[in-house]
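In what follows, a structure is listed as structure tokens, so that the remarks can point back to it.
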Amino acid sequence: MINTSADAGKEAIRETSSETNSETNSLVDGVASPLSRIRQLARHPQTLPEAETGMVALLHGKFAFRVVPGSLRFDTDNALALNSLRAEFRTADGEHLFLKCHHEEGEADRVGEYYRSGILEEAGFPIDKALYQSSTVGEQLVIYRYRDRRLYPELHSVARDIESTGCKPADMEAVVQAFECFQQQLGNRYLDSLHLATPAQISEEAVHGLYHRRLVDSEHDAEFGGRIREFYLGRQVALPDGSSLPFEEFWHLHWRINGQMHNVSMHDALLRARRLLAPTPADAMAAVTAHGDDHTGNLLYDPHKGSGDAISYFDPAFAGNHIPALLAPCKSLYHVCYAHPNMLYDPAELRVGLSMRVEDGVLQIEHDWQLTPLRQQFLSSQITHVWQPLLKALKHRDMLPALWQETIGAALLCCPLLCKNLLAGAGAPNPLTPDASLLTFSIAMQLADGQFVEQLYP
């Protein structure tokens, strides 16, 4: 494996990535994958030292630097570490570094190459440059210069702090302006890169690991597998009233949410997602260059810079040149806006008025959740600068699929359901409460049924 740095040149980085295919067959899914095993060990205090030792050995086997003994520490309590592992460490050369790795179940067969360094930078996206990276399947990670998160925070913590004090206009102003500028940049980059991609180009993108490949075990499966089986099948759904239902009964219910009937069941919505989000389309389809996983935990906010360049990407695990255009902004739409406050990341802090009952096969829910003023501003910026220009361009170029609303709804359903186990008491590192569980499911169903999607292109 070739060691790469921000100054080593793009050819070296490309050569690192090109080794992936030749090594894939030597890897075994599950715990035999080095990072998968390290992640499992890091989940438990008693095996955390073994995880740290394993990570140091992995780093020493891939890079020229030497980790200072005892300096590597995992950030195991980070609420954002739903599918990744974070650590900081120091090297014998005096570097203070931060690493992040992402692992998907079955990635050796089905995910595609992570950390395709240079894609976003070459396309003009604002992005923090990695110093080192590994793109070998099962050992995929990226390493940055360590930044004190108190001085250079992720947008997630900035937004959370603003909401914790009531979204005061003075607190919001600079962040909202920075986010507005960032969305303008994204919208322009999407339009600049919009093109028709072949089915083969589409299918090779790693971004499908966030959607379809979490629904099934193998791409052409006619049955649900992946995270649907791992998280939900055969399990009980604990409801806020103290009752519970088998998931196989729960996902066949219809939903009435705040008086509005949704005739599609979760089972049917997931069937639709499995069909519409398949990574091997029959024909060419619209695609763009995109980050693919741009939630607020992958956005750095530099309060020392002007609004035009205060926000930048990092961790381009799912970046690609041929990401389906309708999928590209979905992760941001859900995780920046509808996942907050608290449901996925800090569910114990959620305060919501919620009542429910099951009657004649209908789950009836009343809740008072709504977007905070900050998230409303974020949503407005996304709609104005990303969604509306992109959808108009797709329509103008005759690239907008007839089922575009259903496709977006399917992706938005997958964002929460397949990112974290939504059952009450499940989902590390911060398990959901019964209220958070049912509220997150209900918002996902509203999104799947198009209740919020229609505002993207009025």
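Ligands are numbered from 1 in the order shown, residues from 1 within each chain, and chains are lettered A, B, ... in the order they appear in the structure tokens.
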| message | At a cut-off of 7 Å, using only C-alpha atoms, what residues contact stretch 296-306 of chain A? Leave out same-chain residues fewer than 3 positions from it and give the result as a list in words. | response |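 Non-adjacent residues within range: Leu80, Tyr152, Pro153, Glu154, Leu155, His156, Asp309, Ala310, Ile311, Ser312, Tyr313, Phe314, Asp315 and Val336 of chain A.
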If we count only C-alpha atoms and set the cut-off at 9 Å, which residues sit around A:Ser203, ignoring sequence neighbours fewer than 6 positions away in its own chain? Please answer as a PDB file with N, CA and C atoms, in the first residue's frame.
ATOM      1  N   GLY A 112     -18.135  -0.941  -3.037  1.00  0.00           N
ATOM      2  CA  GLY A 112     -17.406  -0.038  -3.911  1.00  0.00           C
ATOM      3  C   GLY A 112     -16.310   0.656  -3.123  1.00  0.00           C
ATOM      4  N   ALA A 278     -32.323   0.697  -6.940  1.00  0.00           N
ATOM      5  CA  ALA A 278     -31.391  -0.329  -7.414  1.00  0.00           C
ATOM      6  C   ALA A 278     -30.227   0.323  -8.148  1.00  0.00           C
ATOM      7  N   PRO A 279     -28.996  -0.121  -7.875  1.00  0.00           N
ATOM      8  CA  PRO A 279     -27.824   0.539  -8.452  1.00  0.00           C
ATOM      9  C   PRO A 279     -27.521   0.172  -9.890  1.00  0.00           C
ATOM     10  N   THR A 280     -28.349  -0.651 -10.502  1.00  0.00           N
ATOM     11  CA  THR A 280     -28.117  -1.036 -11.896  1.00  0.00           C
ATOM     12  C   THR A 280     -29.330  -0.666 -12.731  1.00  0.00           C
ATOM     13  N   PRO A 281     -29.484   0.620 -13.089  1.00  0.00           N
ATOM     14  CA  PRO A 281     -30.620   1.037 -13.909  1.00  0.00           C
ATOM     15  C   PRO A 281     -30.556   0.417 -15.301  1.00  0.00           C
ATOM     16  N   HIS A 322     -20.329   9.889 -10.564  1.00  0.00           N
ATOM     17  CA  HIS A 322     -21.544   9.439 -11.252  1.00  0.00           C
ATOM     18  C   HIS A 322     -22.633   9.071 -10.237  1.00  0.00           C
TER      19      HIS A 322
END
| Can you tell me, as a VMD selection string, what residues are no more than 12 Å from A:Asn421 when counting only C-alpha atoms, ignoring any on the same chain fewer than 3 positions away? | chain A and resid 82 to 83 227 to 233 235 237 343 to 345 414 to 418 424 to 433 436 to 437 440 to 441
For the residues in the current selection, export N, CA, C and O atoms as a tab-separated table (two decimals), in the first residue's frame.
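Result written to again07.tsv:
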chain	number	residue	atom	x	y	z
A	82	LEU	N	-22.14	6.70	14.03
A	82	LEU	CA	-23.15	5.66	13.82
A	82	LEU	C	-22.59	4.51	13.00
A	82	LEU	O	-22.93	3.35	13.23
A	83	ASN	N	-21.77	4.81	12.00
A	83	ASN	CA	-21.23	3.78	11.12
A	83	ASN	C	-19.73	3.96	10.90
A	83	ASN	O	-19.18	3.44	9.94
A	227	ARG	N	-29.35	-4.54	6.43
A	227	ARG	CA	-29.69	-3.93	7.71
A	227	ARG	C	-31.17	-4.10	8.06
A	227	ARG	O	-31.53	-3.98	9.24
A	228	ILE	N	-32.01	-4.35	7.08
A	228	ILE	CA	-33.41	-4.64	7.41
A	228	ILE	C	-33.49	-5.89	8.27
A	228	ILE	O	-34.17	-5.94	9.30
A	229	ARG	N	-32.76	-6.91	7.87
A	229	ARG	CA	-32.74	-8.14	8.67
A	229	ARG	C	-31.98	-7.92	9.97
A	229	ARG	O	-32.43	-8.34	11.05
A	230	GLU	N	-30.82	-7.27	9.89
A	230	GLU	CA	-29.99	-7.09	11.08
A	230	GLU	C	-30.70	-6.25	12.15
A	230	GLU	O	-30.65	-6.57	13.33
A	231	PHE	N	-31.36	-5.19	11.72
A	231	PHE	CA	-31.97	-4.26	12.68
A	231	PHE	C	-33.37	-4.66	13.12
A	231	PHE	O	-33.73	-4.47	14.28
A	232	TYR	N	-34.18	-5.18	12.18
A	232	TYR	CA	-35.62	-5.19	12.42
A	232	TYR	C	-36.31	-6.55	12.37
A	232	TYR	O	-37.18	-6.82	13.21
A	233	LEU	N	-36.01	-7.37	11.40
A	233	LEU	CA	-36.79	-8.59	11.21
A	233	LEU	C	-36.67	-9.51	12.42
A	233	LEU	O	-35.58	-9.73	12.96
A	235	ARG	N	-37.83	-8.90	15.37
A	235	ARG	CA	-37.71	-8.15	16.63
A	235	ARG	C	-39.03	-7.48	17.01
A	235	ARG	O	-39.92	-7.33	16.19
A	237	VAL	N	-41.18	-4.16	18.35
A	237	VAL	CA	-41.19	-2.70	18.31
A	237	VAL	C	-41.84	-2.21	19.60
A	237	VAL	O	-43.05	-2.37	19.80
A	343	MET	N	-33.36	13.24	17.48
A	343	MET	CA	-33.88	11.89	17.30
A	343	MET	C	-32.78	10.84	17.14
A	343	MET	O	-32.70	9.89	17.91
A	344	LEU	N	-31.94	10.97	16.11
A	344	LEU	CA	-30.94	9.94	15.85
A	344	LEU	C	-29.73	10.05	16.77
A	344	LEU	O	-29.14	9.05	17.16
A	345	TYR	N	-29.34	11.27	17.09
A	345	TYR	CA	-28.03	11.47	17.68
A	345	TYR	C	-28.04	11.59	19.21
A	345	TYR	O	-27.16	11.08	19.87
A	414	CYS	N	-34.90	5.66	3.55
A	414	CYS	CA	-33.73	4.85	3.87
A	414	CYS	C	-32.75	5.58	4.78
A	414	CYS	O	-32.04	4.94	5.56
A	415	CYS	N	-32.70	6.91	4.67
A	415	CYS	CA	-31.71	7.66	5.45
A	415	CYS	C	-31.76	7.32	6.94
A	415	CYS	O	-30.74	6.95	7.52
A	416	PRO	N	-32.91	7.42	7.60
A	416	PRO	CA	-32.92	7.03	9.02
A	416	PRO	C	-33.00	5.52	9.24
A	416	PRO	O	-32.30	4.98	10.11
A	417	LEU	N	-33.84	4.82	8.48
A	417	LEU	CA	-34.08	3.41	8.77
A	417	LEU	C	-32.83	2.56	8.62
A	417	LEU	O	-32.66	1.57	9.33
A	418	LEU	N	-31.96	2.92	7.69
A	418	LEU	CA	-30.80	2.09	7.40
A	418	LEU	C	-29.51	2.67	7.95
A	418	LEU	O	-28.46	2.05	7.84
A	424	ALA	N	-36.59	1.13	19.81
A	424	ALA	CA	-36.30	1.65	21.15
A	424	ALA	C	-35.32	0.72	21.87
A	424	ALA	O	-35.48	-0.50	21.86
A	425	GLY	N	-34.31	1.33	22.48
A	425	GLY	CA	-33.31	0.56	23.20
A	425	GLY	C	-32.17	0.07	22.35
A	425	GLY	O	-31.21	-0.50	22.86
A	426	ALA	N	-32.26	0.30	21.05
A	426	ALA	CA	-31.22	-0.17	20.13
A	426	ALA	C	-30.52	1.03	19.52
A	426	ALA	O	-30.90	2.17	19.69
A	427	GLY	N	-29.48	0.76	18.75
A	427	GLY	CA	-28.80	1.81	18.01
A	427	GLY	C	-27.69	2.48	18.79
A	427	GLY	O	-27.90	3.48	19.46
A	428	ALA	N	-26.48	1.93	18.71
A	428	ALA	CA	-25.32	2.54	19.37
A	428	ALA	C	-24.88	3.78	18.60
A	428	ALA	O	-25.09	3.86	17.39
A	429	PRO	N	-24.23	4.78	19.24
A	429	PRO	CA	-23.87	4.76	20.65
A	429	PRO	C	-24.98	5.24	21.58
A	429	PRO	O	-24.89	5.00	22.79
A	430	ASN	N	-25.99	5.92	21.08
A	430	ASN	CA	-27.07	6.44	21.94
A	430	ASN	C	-28.39	5.82	21.52
A	430	ASN	O	-29.02	6.26	20.56
A	431	PRO	N	-28.86	4.78	22.24
A	431	PRO	CA	-30.10	4.11	21.86
A	431	PRO	C	-31.30	5.04	21.89
A	431	PRO	O	-31.37	5.97	22.69
A	432	LEU	N	-32.25	4.77	21.00
A	432	LEU	CA	-33.45	5.59	20.93
A	432	LEU	C	-34.40	5.25	22.07
A	432	LEU	O	-34.49	4.10	22.51
A	433	THR	N	-35.13	6.26	22.53
A	433	THR	CA	-36.23	6.06	23.47
A	433	THR	C	-37.47	5.65	22.69
A	433	THR	O	-37.52	5.81	21.45
A	436	ALA	N	-38.64	8.71	20.75
A	436	ALA	CA	-37.75	9.02	19.64
A	436	ALA	C	-37.90	7.99	18.53
A	436	ALA	O	-37.87	8.32	17.33
A	437	SER	N	-38.07	6.73	18.89
A	437	SER	CA	-38.23	5.67	17.91
A	437	SER	C	-39.47	5.90	17.05
A	437	SER	O	-39.38	5.95	15.82
A	440	THR	N	-39.29	9.15	14.90
A	440	THR	CA	-38.38	9.02	13.75
A	440	THR	C	-39.00	8.15	12.67
A	440	THR	O	-38.91	8.46	11.48
A	441	PHE	N	-39.63	7.05	13.06
A	441	PHE	CA	-40.35	6.22	12.08
A	441	PHE	C	-41.44	7.04	11.39
A	441	PHE	O	-41.63	6.95	10.17
Write out as a PDB file with N, CA, C and O atoms, in the first residue's frame all residues of stretch 139-284 of chain A that backbone DSSP assigns to strand (DSSP E or B).
ATOM      1  N   LEU A 141      -9.660   4.020   5.381  1.00  0.00           N
ATOM      2  CA  LEU A 141      -9.656   5.078   6.373  1.00  0.00           C
ATOM      3  C   LEU A 141      -9.013   6.323   5.786  1.00  0.00           C
ATOM      4  O   LEU A 141      -8.335   6.268   4.757  1.00  0.00           O
ATOM      5  N   VAL A 142      -9.229   7.430   6.469  1.00  0.00           N
ATOM      6  CA  VAL A 142      -8.668   8.702   6.031  1.00  0.00           C
ATOM      7  C   VAL A 142      -8.140   9.417   7.262  1.00  0.00           C
ATOM      8  O   VAL A 142      -8.705   9.306   8.352  1.00  0.00           O
ATOM      9  N   ILE A 143      -7.012  10.132   7.098  1.00  0.00           N
ATOM     10  CA  ILE A 143      -6.319  10.754   8.220  1.00  0.00           C
ATOM     11  C   ILE A 143      -6.083  12.223   7.918  1.00  0.00           C
ATOM     12  O   ILE A 143      -5.583  12.576   6.839  1.00  0.00           O
ATOM     13  N   TYR A 144      -6.433  13.065   8.886  1.00  0.00           N
ATOM     14  CA  TYR A 144      -6.296  14.511   8.760  1.00  0.00           C
ATOM     15  C   TYR A 144      -5.405  15.053   9.868  1.00  0.00           C
ATOM     16  O   TYR A 144      -5.188  14.408  10.898  1.00  0.00           O
ATOM     17  N   ARG A 145      -4.930  16.266   9.637  1.00  0.00           N
ATOM     18  CA  ARG A 145      -4.308  17.003  10.729  1.00  0.00           C
ATOM     19  C   ARG A 145      -5.351  17.218  11.810  1.00  0.00           C
ATOM     20  O   ARG A 145      -6.477  17.591  11.521  1.00  0.00           O
ATOM     21  N   GLU A 154     -17.384  20.769  14.095  1.00  0.00           N
ATOM     22  CA  GLU A 154     -18.267  20.263  13.061  1.00  0.00           C
ATOM     23  C   GLU A 154     -19.588  21.028  13.144  1.00  0.00           C
ATOM     24  O   GLU A 154     -19.995  21.475  14.227  1.00  0.00           O
ATOM     25  N   HIS A 195     -24.770  15.247 -15.898  1.00  0.00           N
ATOM     26  CA  HIS A 195     -24.538  14.520 -17.148  1.00  0.00           C
ATOM     27  C   HIS A 195     -25.325  13.214 -17.128  1.00  0.00           C
ATOM     28  O   HIS A 195     -25.845  12.797 -16.091  1.00  0.00           O
ATOM     29  N   LEU A 196     -25.405  12.577 -18.273  1.00  0.00           N
ATOM     30  CA  LEU A 196     -25.987  11.236 -18.358  1.00  0.00           C
ATOM     31  C   LEU A 196     -24.896  10.210 -18.116  1.00  0.00           C
ATOM     32  O   LEU A 196     -23.865  10.205 -18.792  1.00  0.00           O
ATOM     33  N   ALA A 197     -25.106   9.360 -17.131  1.00  0.00           N
ATOM     34  CA  ALA A 197     -24.141   8.311 -16.810  1.00  0.00           C
ATOM     35  C   ALA A 197     -24.685   6.962 -17.247  1.00  0.00           C
ATOM     36  O   ALA A 197     -25.896   6.714 -17.207  1.00  0.00           O
ATOM     37  N   GLN A 236     -39.100  -7.048  18.250  1.00  0.00           N
ATOM     38  CA  GLN A 236     -40.272  -6.366  18.764  1.00  0.00           C
ATOM     39  C   GLN A 236     -40.089  -4.852  18.668  1.00  0.00           C
ATOM     40  O   GLN A 236     -38.994  -4.338  18.882  1.00  0.00           O
ATOM     41  N   VAL A 237     -41.181  -4.158  18.353  1.00  0.00           N
ATOM     42  CA  VAL A 237     -41.185  -2.701  18.314  1.00  0.00           C
ATOM     43  C   VAL A 237     -41.839  -2.210  19.596  1.00  0.00           C
ATOM     44  O   VAL A 237     -43.053  -2.370  19.797  1.00  0.00           O
ATOM     45  N   ALA A 238     -41.051  -1.622  20.484  1.00  0.00           N
ATOM     46  CA  ALA A 238     -41.579  -1.084  21.742  1.00  0.00           C
ATOM     47  C   ALA A 238     -42.186   0.286  21.482  1.00  0.00           C
ATOM     48  O   ALA A 238     -41.531   1.175  20.945  1.00  0.00           O
ATOM     49  N   SER A 244     -46.042  -3.442  22.695  1.00  0.00           N
ATOM     50  CA  SER A 244     -45.062  -3.759  21.655  1.00  0.00           C
ATOM     51  C   SER A 244     -45.731  -4.593  20.569  1.00  0.00           C
ATOM     52  O   SER A 244     -46.762  -5.241  20.798  1.00  0.00           O
ATOM     53  N   LEU A 245     -45.128  -4.547  19.390  1.00  0.00           N
ATOM     54  CA  LEU A 245     -45.613  -5.302  18.249  1.00  0.00           C
ATOM     55  C   LEU A 245     -44.443  -5.997  17.573  1.00  0.00           C
ATOM     56  O   LEU A 245     -43.335  -5.446  17.529  1.00  0.00           O
ATOM     57  N   PRO A 246     -44.659  -7.192  17.022  1.00  0.00           N
ATOM     58  CA  PRO A 246     -43.622  -7.770  16.168  1.00  0.00           C
ATOM     59  C   PRO A 246     -43.387  -6.852  14.974  1.00  0.00           C
ATOM     60  O   PRO A 246     -44.334  -6.275  14.433  1.00  0.00           O
ATOM     61  N   HIS A 254     -50.848   0.799   8.350  1.00  0.00           N
ATOM     62  CA  HIS A 254     -50.952   2.081   7.672  1.00  0.00           C
ATOM     63  C   HIS A 254     -50.851   3.177   8.733  1.00  0.00           C
ATOM     64  O   HIS A 254     -50.988   2.918   9.929  1.00  0.00           O
ATOM     65  N   TRP A 255     -50.610   4.408   8.299  1.00  0.00           N
ATOM     66  CA  TRP A 255     -50.284   5.475   9.237  1.00  0.00           C
ATOM     67  C   TRP A 255     -51.230   6.656   9.061  1.00  0.00           C
ATOM     68  O   TRP A 255     -51.501   7.093   7.936  1.00  0.00           O
ATOM     69  N   ARG A 256     -51.744   7.159  10.167  1.00  0.00           N
ATOM     70  CA  ARG A 256     -52.423   8.453  10.177  1.00  0.00           C
ATOM     71  C   ARG A 256     -51.617   9.355  11.117  1.00  0.00           C
ATOM     72  O   ARG A 256     -51.571   9.134  12.322  1.00  0.00           O
ATOM     73  N   ILE A 257     -50.978  10.367  10.550  1.00  0.00           N
ATOM     74  CA  ILE A 257     -50.062  11.218  11.307  1.00  0.00           C
ATOM     75  C   ILE A 257     -50.604  12.630  11.325  1.00  0.00           C
ATOM     76  O   ILE A 257     -50.776  13.260  10.273  1.00  0.00           O
ATOM     77  N   GLN A 260     -53.460  13.251   8.956  1.00  0.00           N
ATOM     78  CA  GLN A 260     -53.305  12.943   7.530  1.00  0.00           C
ATOM     79  C   GLN A 260     -53.063  11.454   7.345  1.00  0.00           C
ATOM     80  O   GLN A 260     -52.156  10.875   7.941  1.00  0.00           O
ATOM     81  N   MET A 261     -53.881  10.838   6.492  1.00  0.00           N
ATOM     82  CA  MET A 261     -53.777   9.405   6.241  1.00  0.00           C
ATOM     83  C   MET A 261     -52.689   9.118   5.222  1.00  0.00           C
ATOM     84  O   MET A 261     -52.597   9.766   4.182  1.00  0.00           O
ATOM     85  N   HIS A 262     -51.840   8.144   5.537  1.00  0.00           N
ATOM     86  CA  HIS A 262     -50.802   7.670   4.613  1.00  0.00           C
ATOM     87  C   HIS A 262     -51.126   6.208   4.315  1.00  0.00           C
ATOM     88  O   HIS A 262     -50.973   5.339   5.182  1.00  0.00           O
TER      89      HIS A 262
END
| task | Write down as a VMD selection string the residues of stretch 41-200 of chain A whose backbone DSSP state falls under helix (DSSP H, G or I). | result | chain A and resid 41 to 42 45 to 62 107 to 110 119 to 122 155 to 164 169 to 193 199 to 200
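Closest approach to A:Arg272 among A:His340, A:Lys129, A:His212, A:Lys331 is made by A:His212 (distances from only C-alpha atoms).
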| 9 Å contact set for stretch 287-290 of chain A, only C-alpha atoms, chain neighbours under 3 positions out, as a PyMOL selection string | chain A and resi 119-120+123+125+186+189-197+202+293-294+318-329
Those same residues, written as a short mmCIF file (atom, residue, chain, number, x, y, z; two decimals), in the first residue's frame with N, CA, C and O atoms?
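After the write, out32.cif holds the following:
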data_model
loop_
_atom_site.label_atom_id
_atom_site.label_comp_id
_atom_site.auth_asym_id
_atom_site.auth_seq_id
_atom_site.Cartn_x
_atom_site.Cartn_y
_atom_site.Cartn_z
N ILE A 119 -11.61 13.65 -6.00
CA ILE A 119 -12.81 13.85 -6.81
C ILE A 119 -13.46 15.19 -6.49
O ILE A 119 -13.75 15.98 -7.39
N LEU A 120 -13.70 15.44 -5.23
CA LEU A 120 -14.39 16.67 -4.86
C LEU A 120 -13.50 17.89 -5.05
O LEU A 120 -13.97 18.95 -5.48
N ALA A 123 -13.39 18.85 -8.63
CA ALA A 123 -14.65 19.41 -9.10
C ALA A 123 -14.95 20.78 -8.49
O ALA A 123 -15.97 21.38 -8.83
N PHE A 125 -15.30 21.55 -5.13
CA PHE A 125 -16.00 21.58 -3.85
C PHE A 125 -15.04 22.03 -2.76
O PHE A 125 -13.85 21.66 -2.77
N LEU A 186 -22.65 24.23 -3.61
CA LEU A 186 -23.07 22.87 -3.96
C LEU A 186 -23.98 22.88 -5.18
O LEU A 186 -23.81 22.06 -6.10
N ARG A 189 -21.97 23.39 -8.28
CA ARG A 189 -21.15 22.21 -8.62
C ARG A 189 -22.02 21.10 -9.20
O ARG A 189 -21.61 20.38 -10.12
N TYR A 190 -23.23 20.91 -8.67
CA TYR A 190 -24.12 19.89 -9.21
C TYR A 190 -24.48 20.22 -10.65
O TYR A 190 -24.46 19.34 -11.53
N LEU A 191 -24.83 21.46 -10.91
CA LEU A 191 -25.22 21.84 -12.27
C LEU A 191 -24.03 21.73 -13.22
O LEU A 191 -24.19 21.31 -14.38
N ASP A 192 -22.85 22.11 -12.76
CA ASP A 192 -21.66 22.03 -13.62
C ASP A 192 -21.34 20.59 -14.01
O ASP A 192 -20.80 20.34 -15.10
N SER A 193 -21.63 19.65 -13.11
CA SER A 193 -21.25 18.26 -13.36
C SER A 193 -22.41 17.40 -13.86
O SER A 193 -22.22 16.20 -14.09
N LEU A 194 -23.58 17.96 -14.03
CA LEU A 194 -24.76 17.18 -14.44
C LEU A 194 -24.53 16.54 -15.82
O LEU A 194 -24.18 17.22 -16.78
N HIS A 195 -24.77 15.25 -15.90
CA HIS A 195 -24.54 14.52 -17.15
C HIS A 195 -25.32 13.21 -17.13
O HIS A 195 -25.85 12.80 -16.09
N LEU A 196 -25.41 12.58 -18.27
CA LEU A 196 -25.99 11.24 -18.36
C LEU A 196 -24.90 10.21 -18.12
O LEU A 196 -23.87 10.20 -18.79
N ALA A 197 -25.11 9.36 -17.13
CA ALA A 197 -24.14 8.31 -16.81
C ALA A 197 -24.69 6.96 -17.25
O ALA A 197 -25.90 6.71 -17.21
N ILE A 202 -23.02 4.15 -13.02
CA ILE A 202 -23.88 4.32 -11.84
C ILE A 202 -23.64 3.20 -10.83
O ILE A 202 -23.50 3.44 -9.62
N ASP A 293 -22.56 11.81 1.31
CA ASP A 293 -22.87 11.54 2.72
C ASP A 293 -22.72 12.82 3.54
O ASP A 293 -22.13 12.82 4.61
N ASP A 294 -23.30 13.90 3.03
CA ASP A 294 -23.00 15.22 3.60
C ASP A 294 -23.97 15.62 4.72
O ASP A 294 -24.76 16.54 4.57
N PHE A 318 -18.02 8.47 0.45
CA PHE A 318 -18.92 8.01 -0.61
C PHE A 318 -18.91 8.94 -1.82
O PHE A 318 -19.84 8.93 -2.62
N ALA A 319 -17.87 9.75 -1.95
CA ALA A 319 -17.81 10.69 -3.07
C ALA A 319 -17.73 9.94 -4.39
O ALA A 319 -17.20 8.84 -4.48
N GLY A 320 -18.27 10.57 -5.43
CA GLY A 320 -18.24 9.94 -6.75
C GLY A 320 -18.55 10.93 -7.84
O GLY A 320 -19.12 11.99 -7.61
N ASN A 321 -18.16 10.56 -9.06
CA ASN A 321 -18.42 11.38 -10.24
C ASN A 321 -19.74 11.03 -10.91
O ASN A 321 -20.21 11.80 -11.77
N HIS A 322 -20.33 9.89 -10.56
CA HIS A 322 -21.54 9.44 -11.25
C HIS A 322 -22.63 9.07 -10.24
O HIS A 322 -23.31 8.05 -10.37
N ILE A 323 -22.82 9.90 -9.23
CA ILE A 323 -23.86 9.67 -8.25
C ILE A 323 -25.20 10.09 -8.83
O ILE A 323 -25.32 11.20 -9.39
N PRO A 324 -26.23 9.23 -8.79
CA PRO A 324 -27.54 9.61 -9.33
C PRO A 324 -27.97 10.99 -8.82
O PRO A 324 -27.91 11.26 -7.61
N ALA A 325 -28.37 11.85 -9.72
CA ALA A 325 -28.64 13.25 -9.37
C ALA A 325 -29.69 13.39 -8.28
O ALA A 325 -29.60 14.28 -7.43
N LEU A 326 -30.71 12.54 -8.29
CA LEU A 326 -31.76 12.64 -7.28
C LEU A 326 -31.30 12.17 -5.91
O LEU A 326 -31.86 12.56 -4.89
N LEU A 327 -30.26 11.33 -5.88
CA LEU A 327 -29.74 10.85 -4.59
C LEU A 327 -28.78 11.84 -3.96
O LEU A 327 -28.67 11.91 -2.74
N ALA A 328 -28.06 12.59 -4.79
CA ALA A 328 -26.94 13.39 -4.31
C ALA A 328 -27.29 14.29 -3.13
O ALA A 328 -26.53 14.35 -2.15
N PRO A 329 -28.42 15.03 -3.14
CA PRO A 329 -28.71 15.92 -2.02
C PRO A 329 -29.55 15.30 -0.91
O PRO A 329 -29.89 16.00 0.05
#
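Minimum distance to A:Phe452 across A:Phe179, A:Tyr334, A:Phe378, A:Tyr211 (counting only C-alpha atoms) occurs at A:Tyr334.
Closest approach to A:Glu349 from the set A:Val216, A:Ala64, A:Ser164, A:Ala130 is made by A:Ser164, with distances taken over only C-alpha atoms.
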| Do you know which residues are at most 9 Å from A:Leu439 counting only C-alpha atoms, after dropping those on the same chain fewer than 5 positions away, and could you put them as a ChimeraX atom specification? | /A:343,352,354,365,367,369,434,444
Limited to N, CA, C and O atoms, could you put the picked residues into a file as a CSV table (one decimal), in the first residue's frame?
chain,number,residue,atom,x,y,z
A,343,MET,N,-33.4,13.2,17.5
A,343,MET,CA,-33.9,11.9,17.3
A,343,MET,C,-32.8,10.8,17.1
A,343,MET,O,-32.7,9.9,17.9
A,352,VAL,N,-40.9,16.0,23.2
A,352,VAL,CA,-41.9,16.1,22.2
A,352,VAL,C,-43.2,15.6,22.8
A,352,VAL,O,-43.3,14.7,23.6
A,354,LEU,N,-46.4,13.6,22.2
A,354,LEU,CA,-46.7,12.5,21.2
A,354,LEU,C,-47.7,11.5,21.9
A,354,LEU,O,-47.6,11.1,23.0
A,365,ILE,N,-51.1,8.6,15.1
A,365,ILE,CA,-50.1,9.4,15.8
A,365,ILE,C,-50.4,10.9,15.8
A,365,ILE,O,-50.7,11.4,14.7
A,367,HIS,N,-48.4,14.3,17.1
A,367,HIS,CA,-47.1,14.8,17.7
A,367,HIS,C,-47.0,16.3,17.4
A,367,HIS,O,-47.6,16.8,16.4
A,369,TRP,N,-43.9,17.8,17.0
A,369,TRP,CA,-42.6,18.1,16.5
A,369,TRP,C,-42.6,19.0,15.3
A,369,TRP,O,-43.5,18.9,14.4
A,434,PRO,N,-38.5,5.1,23.3
A,434,PRO,CA,-39.7,4.8,22.6
A,434,PRO,C,-40.3,6.0,21.9
A,434,PRO,O,-40.8,5.9,20.7
A,444,ALA,N,-40.1,9.6,8.9
A,444,ALA,CA,-39.6,8.8,7.8
A,444,ALA,C,-40.8,8.4,6.8
A,444,ALA,O,-40.7,8.5,5.6
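Shortest separation to A:Leu391 among A:Glu249, A:Asp346, A:Glu454, A:Glu122 occurs at residue A:Glu454, atoms counted being only C-alpha atoms.
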